[in-house]
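Everything below concerns the one structure shown next.
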Amino acid sequence: MASVLGMLEERESAARVRVEGLREEVARLAGVLEAAEIELDRRVIAREELVEALAASAAETTAVSEAPARAETAPAPVPGSIVPPWGEGLPVTVLAPDYQRILGVLEERQPAGQGPLKAREITVQLGLGTASAKVEGVRSKARRLAERGWLVQETSGMFSAGRRPVVVPGAGSSA
């Protein structure tokens, strides 16, 4: 019986060596699998990014090719956009909303025969309060509108509604 027991021990030892070898192989393959999964994720992301970029480029190309058809209408205003010099037939809608509101406050006063306003008064009319940062922001925008011919700035520093053509060298350099 000792020989049978010895044979079983030898087989058990061989099976144990084989199991350990397979475990090492599984660990190595798990590392290889993880690296392959990372590479696959990178490739998927790269393809998705390329598809998005091509779609955006196609949309821009379409917008550019459609631009001549829309050239007759005024561009949509964007907050922080450039204030173009006023010109005959140029609608107020080319201005960003903040600039349109300033013009609106002053134009409401014109039919009533009311005089010009200080920047602080415009700020209050806009419902922005009297904080100096708000007043200075409105003053800056009103000056820009006056420089571009959308408003009239009095010598006293007050602003009133009125349009006048202006030649601005390097127009569009200020937001």
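The way I read the labels, and the way they are meant: chains A, B, ... in the order of the structure tokens, residue 1 as the first residue of every chain, and ligand 1 as the first ligand shown, with later ones counted on from there.
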Selection near Thr123 of chain A, 12 Å with only C-alpha atoms, sequence-local residues under 3 positions removed, as a count of residues only: 27
Residue neighbourhood Glu108 of chain A, 12 Å, only C-alpha atoms, exclusion window fewer than 6 positions, as number ranges by chain: A: 101-102, 114-117, 122, 125, 160-162
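Taking atom CA of Thr62 of chain A and atom CA of Leu50 of chain A as the two end points, the separation is 18.0 Å.
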Point-to-point distance in Å for atom CA of Pro91 of chain A and atom CA of Glu60 of chain A: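 These two atoms are separated by 25.4 Å.
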Helix (DSSP H, G or I) per DSSP on the backbone: members of chain A, as a VMD selection string: chain A and resid 2 to 70 92 to 94 97 to 109 119 to 125 132 to 147
Å distance separating atom CA of Arg164 of chain A from atom CA of Gly149 of chain A, one decimal place: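 Atom CA of Gly149 of chain A lies at a distance of 4.8 Å from atom CA of Arg164 of chain A.
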Closest of A:Val152, A:Val83, A:Leu95, A:Val17 to Glu107 of chain A - atom-to-atom distances counting only C-alpha atoms: A:Val152
